[in-house]
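Engineer: Can you keep this structure in mind? I'll have questions shortly.
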Amino acid sequence: MERRQHKNKTAEVILKIAAAGGLTTVALLAPNALQVLAPMITGSRASRRQSYIKTAASRLVKKGLLKSTKNDQNQTVVRLTPKGEQELERYELEERKIVVPKKWDGKYRVIIFDIKEGRRTTRDELRTWLADLGFVRLQNSVWVHPYECQEIVSLLKSRFKIERDVLYLVVESIENDKWIKKHFELF
């Protein structure tokens with residue numbers, strides 16, 4: 001499991017470097033890129049690090065996350081593909097957490113959605129994300145959280161291309177909310 005996390009982190013860093021506007025493999029192997037990736041690469045020799053980064057980048061090209069082409073100087077240029085952009089978005093979303101303020105403002109954030117049966121997988125993935133973020137299910141398509149999370153919800157809407165199917169509400173009260181307050185320890 002630790003090895004997979006290590007590979008995912010390396011892939012994430014390479015995708016972020018590529019997202020900065022496309023880069024040559026020379027730039028990918030530049031000292032700054034090596035500095036960012038150095039803690040993830042065992043062995044102290046620079047040639048080993050370069051080989052590791054090249055292998056990781058090649059793996060991302062094979063997966064279709066990066067596209068490799070030649071530029072005017074006959075250098076290999078690596079660019080993010082649409083699939084790579086989605087993967088990078090997923091990494092960024094996974095890093096996000098809902099910030100718990102010192103004092104609750106007394107308002108609930110309610111997410112309601114109506115995603116058609118034809119997009120059942122998307123609907124199920126959204127529910128999984130909401131549960132992982134700490135939301136509580138009121139109904140199958142109604143979820144609640146007590147803290148500000150509009151930015152994360154916007155990212156989810158964008159990721160799943162469901163902007164029109166999801167509403168973000170801020171409400172002052174929910175009937176019979178004692179169990180919600182108890183769940184979030186809001187007393």
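Naming scheme: A, B, ... for chains in displayed order of the structure tokens; residues 1 onward per chain; ligands 1 onward as shown.
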If we count only C-alpha atoms and set the cut-off at 10 Å, which residues sit around Glu92 in chain A, ignoring sequence neighbours fewer than 4 positions away in its own chain? Please answer as a list in words.
Structural biologist: Glu12, Lys16, Gln86, Glu87, Leu88, Arg96 and Leu155 of chain A
Engineer: Using only C-alpha atoms, determine which residues lie at most 7 Å from Tyr147 in chain A, disregarding the query and same-chain residues fewer than 4 positions distant; provide the list as a ChimeraX atom specification.
Structural biologist: /A:100,108-109
Engineer: Give me a file of those residues, with N, CA and C atoms, as a compact mmCIF listing (two decimals), in the first residue's frame.
Structural biologist:
```
# COMPACT_ATOMS: atom_id res chain seq x y z
N VAL A 100 -12.73 22.85 9.91
CA VAL A 100 -13.63 22.96 11.06
C VAL A 100 -13.24 24.22 11.84
N TYR A 108 -26.39 25.07 8.46
CA TYR A 108 -26.06 23.80 7.82
C TYR A 108 -25.82 24.04 6.34
N ARG A 109 -24.94 23.23 5.77
CA ARG A 109 -24.72 23.23 4.33
C ARG A 109 -25.37 21.97 3.80
```
Engineer: Of the candidates A:Ile53, A:Ala19, A:Leu133, A:Val142, which shows the shortest atom-to-atom distance to Thr81 in chain A, using only C-alpha atoms?
Structural biologist: A:Ala19
Engineer: From a DSSP pass on the backbone, collect the residues of range 121-159 of chain A flagged as alpha helix (DSSP H) and hand them back as a list of chain:residue names.
Structural biologist: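 Reading the DSSP output for range 121-159 of chain A, alpha helix (DSSP H) covers A:Thr121, A:Thr122, A:Arg123, A:Asp124, A:Glu125, A:Leu126, A:Arg127, A:Thr128, A:Trp129, A:Leu130, A:Ala131, A:Asp132, A:Gln150, A:Glu151, A:Ile152, A:Val153, A:Ser154, A:Leu155, A:Leu156, A:Lys157, A:Ser158, A:Arg159.
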Engineer: Rank nothing, just name the residue among A:Lys178, A:Val171, A:Ile162, A:Asn74 nearest to Arg119 in chain A, using only C-alpha atoms.
Structural biologist: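 The closest residue to Arg119 in chain A is A:Ile162.
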Engineer: Quick one: everything within 12 Å of Phe187 in chain A, counting only C-alpha atoms, minus sequence neighbours fewer than 3 positions away in the same chain. Send it as a ChimeraX atom specification.
Structural biologist: /A:103-104,106,177-184
Engineer: Using only C-alpha atoms, which of the listed residues (A:Leu93, A:Ile115, A:Ala131, A:Val166) sits closest to Ile152 in chain A?
Structural biologist: A:Leu93
